[in-house]
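*Asks:* Have a look at this one.
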Amino acid sequence: MTAWSPAAGRSALRARPTREGSLTPVSGLGLGIAVMWFSLLVLIPLAAVVAASTSGGAAAFVDSVTSAQTLAAIRLTVGTALAVTVLDVVTGTAIAWVLVRDRFPGKFLLELVIDVPFALPTIVAGLVLLSLYGPEGPLGIDVANTRPAVFLAFAFVTLPFVVRTVQPVLAELDREVEEAAASLGASRLTTFRRVILPSLAPAIAAGAALSFARGVSEYGSLVLLSGNLPFRTEVTSVRILSSIENDNTAGAAAVATVLLVISLVVTVAIDVLKRRLVRRA
Amino acid sequence: MDLRRFRPLLALVLAVSLAATACGGGSSASEDGGSTIRIVGFAVPEAANRAIAEQWTKTPEGRGVEFKTSYGASGDQSRAVADGLEADYVHFSVASDVTRLVDEGLVAEDWDAGPTKGIVSSSIVVFAVRKGNPKGIRTWDDLVQPGVEIVTPNPASSGAARWNALAAWGQVVANGGTEEEAEEYLEKFFANVVSLPSSGRDATTAFLDGTGDVLMAYENEAILARQHGEEFDYLIPSTTLLIENPGAVLIDANPKAEQWLEFVLSEEGQRQFALTGFRPVIDGVEYGEVEGANDPANPYPEVEHLLTVEQDFESWEALSEKFFDETSGIVTRVIGESGKAS
């Protein structure tokens with residue numbers, strides 16, 4: 001899973017004994033297949049979305065993304081996704097820590113359960129959330145049709161990302177380094193901040209970027225619980241769906257393009273943050 | 001060069017080409033389809049269509065015909081056919097999903113020229129309420145009282161949900177109100193809406209899981225859900241709207257599809273619709289008792305004042321523009337403002 005972090009990719013490339021700027025026939029072929037596959041699945045569809053977004057002309061593009069209802073939906077979606085990402089970074093790292101460093105009964109079960117949000121079809125997740133946190137939930141907590149419902153659904157589906165990116169890195173971490181730091185008089189907090197955190201930062205950043213991207217695009221798990229109320233609980237994917245229902249694909253693509261750009265900006269920002277952290281250590 | 005290094009690659013190429021031939025084989029098999037009818041439709045009438053197909057294959061015309069079916073959200077299904085999903089017969093919840101295919105040249109211009117004007121199944125807008133109707137909801141006016149919580153699918157994202165919003169607006173005008181009063185009614189109505197799920201099915205799920213006091217539903221959905229053991233009451237307001245679901249045969253369809261459509265519109269076909277909650281589109285259909293209806297012996301009581309698209313809203317095209325246009329539609333605007341107000 002660390003393959004997601006660009007740093008790991010670079011070091012793997014460097015390990016190859018090739019001359020600068022040249023590829024062996026096999027790795028050339030490998031690169032060719034990778035680029036082709038990536039283009040078919042990602043680059044071409046994304047380019048098509050961006051192209052479709054401008055098919056109605058610049059005025060139509062501006063109209064669809066500046067409607068007050070759409071802006072409210074974008075604010076809610078991005079804001080909630082950011083908040084959930086911060087939560088995931090903290091809880092995800094803590095859960096990974098518990099899973100790697102501690103021994104306790106039921107650890108095996110917890111390991112399994114972490115992946116449930118990945119494995120569950122999102123509409124099933126929505127049903128579960130509605131029956132647990134809806135008006136007839138057994139816990140007495142009713143968040144149905146309110147903004148906390150959106151937060152809850154995002155938190156549910158993005159939970160595994162940071163856990164699963166941090167866990168293997170933490171497991172590989174050399175404990176002797178921590179011991180050395182301790183023997184040199186570093187407090188536990190300093191050791192965590194100066195020694196452990198910088199090693200985990202790339203993994204946390206990768207997990208955070210995935211969490212954010214997943215949150216922004218989430219639809220299935222929240223439609224039942226959030227109520228889709230305009231200006232209150234309506235998320236961007238519902239707006240996009242409305243445009244499609246009205247055969248306004250250009251409008252739908254325009255909103256999608258704005259989301260794409262926001263996701264890109266946030267991913268880059270997370271990467272910059274990570275580099276700062278690593279450099280400071 | 002060491003050939004062994006290429007072995008995994010060779011295996012990959014082989015696997016891909018094998019998969020490609022397999023797919024090719026699959027699609028050519030469906031193309032010959034001499035006696036296969038491909039049905040693409042919205043989700044609700046699936047049970048009825050299956051029952052009708054079973055009856056039809058017992059007749060001389062239908063003997064040996066096989067069916068391939070695809071059911072989903074009406075708009076999505078219509079767009080899929082427009083984008084190349086192969087179909088012989090389509091059955092959608094709103095007319096605009098068929099006219100989309102007319103625009104694409106897939107369905108004949110005169111698809112709605114038949115005796116039922118292209119309509120193959122029909123129902124009406126009803127109120128679903130909690131068992132025993134604790135809030136005492138009877139009329140449209142009761143819906144807009146303070147404290148009444150309404151669940152309705154979202155007219156913006158669900159074509160089928162548009163029937164509900166139209167009924168709410170139309171009943172004011174039909175009873176002598178002005179268009180301004182109808183709009184005021186809509187504003188009060190959407191102010192009481194607590195949830196706007198994306199589809200009729202999602203709305204039913206949210207309602208059955210405890211959201212709201214009243215669900216805007218279709219009579220056939222209410223009957224079908226009660227047939228499946230769900231516990232709630234439904235009631236028919238004295239003024240309501242006739243829901244008409246269109247069906248059509250595609251231009252390049254298997255010739256058998258025309259005979260299928262005839263059978264769907266026959267007494268036997270409509271009887272199967274009636275048994276799963278739809279009101280027949282022709283007269284004189286014998287269906288006996290319909291389980292799940294308020295009164296199984298008289299499942300489809302006459303509505304005092306029944307609005308129709310043709311009489312009260314001109315045409316589906318005209319009302320789409322007037323009510324549901326993304327920027328200027330009356331319903332679009334009212335829903336948007338209901339969110340801003342609170």
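Identifiers in the structure tokens: chain A, B, ... in order shown; residue index from 1 per chain; ligand index from 1 in order shown.
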Can you list, as a tab-separated table (two decimals) with N, CA, C and O atoms, in the first residue's frame, every protein, DNA or RNA residue that comes within 7 Å of region 45-50 of chain B when you count only C-alpha atoms, leaving out same-chain residues fewer than 2 positions away?
*Replies:*
chain	number	residue	atom	x	y	z
B	42	PHE	N	-38.28	0.70	-16.06
B	42	PHE	CA	-38.06	1.20	-14.69
B	42	PHE	C	-38.44	0.09	-13.72
B	42	PHE	O	-39.12	-0.88	-14.08
B	43	ALA	N	-37.98	0.21	-12.50
B	43	ALA	CA	-37.93	-0.94	-11.61
B	43	ALA	C	-39.30	-1.47	-11.19
B	43	ALA	O	-39.48	-2.68	-11.07
B	52	ILE	N	-46.74	-11.24	-16.81
B	52	ILE	CA	-47.32	-11.15	-18.14
B	52	ILE	C	-46.56	-12.05	-19.12
B	52	ILE	O	-47.14	-12.76	-19.93
B	53	ALA	N	-45.22	-12.03	-19.00
B	53	ALA	CA	-44.39	-12.85	-19.89
B	53	ALA	C	-44.74	-14.33	-19.72
B	53	ALA	O	-44.82	-15.08	-20.69
B	54	GLU	N	-44.95	-14.71	-18.47
B	54	GLU	CA	-45.28	-16.11	-18.21
B	54	GLU	C	-46.59	-16.50	-18.90
B	54	GLU	O	-46.69	-17.56	-19.49
B	272	GLN	N	-52.65	-8.72	-15.01
B	272	GLN	CA	-51.43	-8.94	-14.24
B	272	GLN	C	-50.95	-7.63	-13.61
B	272	GLN	O	-50.45	-7.61	-12.50
B	273	PHE	N	-51.10	-6.53	-14.36
B	273	PHE	CA	-50.74	-5.22	-13.78
B	273	PHE	C	-51.63	-4.93	-12.57
B	273	PHE	O	-51.17	-4.51	-11.52
B	276	THR	N	-50.71	-6.50	-9.33
B	276	THR	CA	-49.55	-5.97	-8.62
B	276	THR	C	-49.72	-4.49	-8.29
B	276	THR	O	-48.75	-3.80	-7.97
*Asks:* Quick check, in Å to one decimal: how far apart do CA of Gln227 (chain B) and CA of Asn294 (chain B) lie?
*Replies:* 11.1 Å
*Asks:* Can you pull out every residue within 6 Å of Leu222 (chain A), counting only C-alpha atoms, but drop anything in the same chain fewer than 4 positions away, and send it as a list in words?
*Replies:* Gly126, Ala153 and Ser226 of chain A
*Asks:* Keeping only C-alpha atoms, write the selected residues as a short mmCIF file (atom, residue, chain, number, x, y, z; two decimals), in the first residue's frame.
*Replies:*
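Saved file part.cif follows:
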data_model
loop_
_atom_site.label_atom_id
_atom_site.label_comp_id
_atom_site.auth_asym_id
_atom_site.auth_seq_id
_atom_site.Cartn_x
_atom_site.Cartn_y
_atom_site.Cartn_z
CA GLY A 126 -26.64 3.81 3.99
CA ALA A 153 -21.60 8.88 6.33
CA SER A 226 -29.07 13.00 4.67
#
*Asks:* Go through chain B residue by residue and, counting only C-alpha atoms, keep those with an atom at most 7 Å from chain A; for each kept residue give the shortest atom pair and its distance in Å to one decimal, ordered by chain and increasing number, as a tab-separated table.
*Replies:*
residue	atom	partner	partner_atom	distance
B:Gly75	CA	A:Glu245	CA	6.4
B:Ala156	CA	A:Ser242	CA	5.1
B:Ser157	CA	A:Ser242	CA	4.2
B:Ser158	CA	A:Glu245	CA	7.0
B:Val194	CA	A:Asn145	CA	6.8
B:Ser195	CA	A:Gly227	CA	4.0
B:Leu196	CA	A:Gly227	CA	5.0
B:Pro197	CA	A:Gly227	CA	5.5
B:Ser198	CA	A:Val223	CA	6.9
B:Asp202	CA	A:Leu224	CA	6.3
B:Ala206	CA	A:Leu224	CA	6.2
B:Asp209	CA	A:Ser131	CA	6.5
B:Gly210	CA	A:Pro135	CA	5.4
B:Thr211	CA	A:Pro135	CA	6.1
B:Gly336	CA	A:Pro230	CA	5.9
B:Gly339	CA	A:Pro230	CA	5.0
B:Lys340	CA	A:Phe231	CA	6.1
*Asks:* As a PyMOL selection string, which residues of region 79-286 of chain B does DSSP assign to helix (DSSP H, G or I)?
*Replies:* chain B and resi 79-82+95-103+140-143+159-174+179-191+200-208+219-227+256-264+267-275
*Asks:* Can you work out the spacing between CA of Leu110 (chain A) and CA of Ile95 (chain A) in Å, to one decimal?
*Replies:* 9.6 Å
*Asks:* Which residues are near Ala297 (chain B)? Cut-off 7 Å, only C-alpha atoms, ignore same chain within fewer than 3 positions. Put them as a list of chain:residue names.
*Replies:* B:Gly288, B:Glu289, B:Val290
*Asks:* Let's have the selection written as a short mmCIF file (atom, residue, chain, number, x, y, z; two decimals), in the first residue's frame, with N, CA, C and O atoms.
*Replies:*
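Saved as result-v5.cif:
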data_model
loop_
_atom_site.label_atom_id
_atom_site.label_comp_id
_atom_site.auth_asym_id
_atom_site.auth_seq_id
_atom_site.Cartn_x
_atom_site.Cartn_y
_atom_site.Cartn_z
N GLY B 288 -60.59 -9.74 -9.88
CA GLY B 288 -60.97 -10.35 -8.61
C GLY B 288 -60.48 -9.53 -7.44
O GLY B 288 -60.67 -8.32 -7.41
N GLU B 289 -59.81 -10.16 -6.49
CA GLU B 289 -59.33 -9.45 -5.30
C GLU B 289 -57.87 -9.08 -5.46
O GLU B 289 -57.08 -9.85 -6.00
N VAL B 290 -57.51 -7.90 -5.00
CA VAL B 290 -56.11 -7.48 -5.03
C VAL B 290 -55.60 -7.36 -3.60
O VAL B 290 -56.01 -6.46 -2.85
#
*Asks:* Could you please determine the separation between CA of Val129 (chain B) and CA of Val193 (chain B) in Å, to one decimal place?
*Replies:*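 That distance, rounded to one decimal, is 14.2 Å.
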*Asks:* Could you check which of B:Phe92, B:Phe207, B:Trp111, B:Tyr218 is closest to Leu235 (chain B), using only C-alpha atoms?
*Replies:*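 Nearest candidate to Leu235 (chain B) out of B:Phe92, B:Phe207, B:Trp111, B:Tyr218: B:Tyr218.
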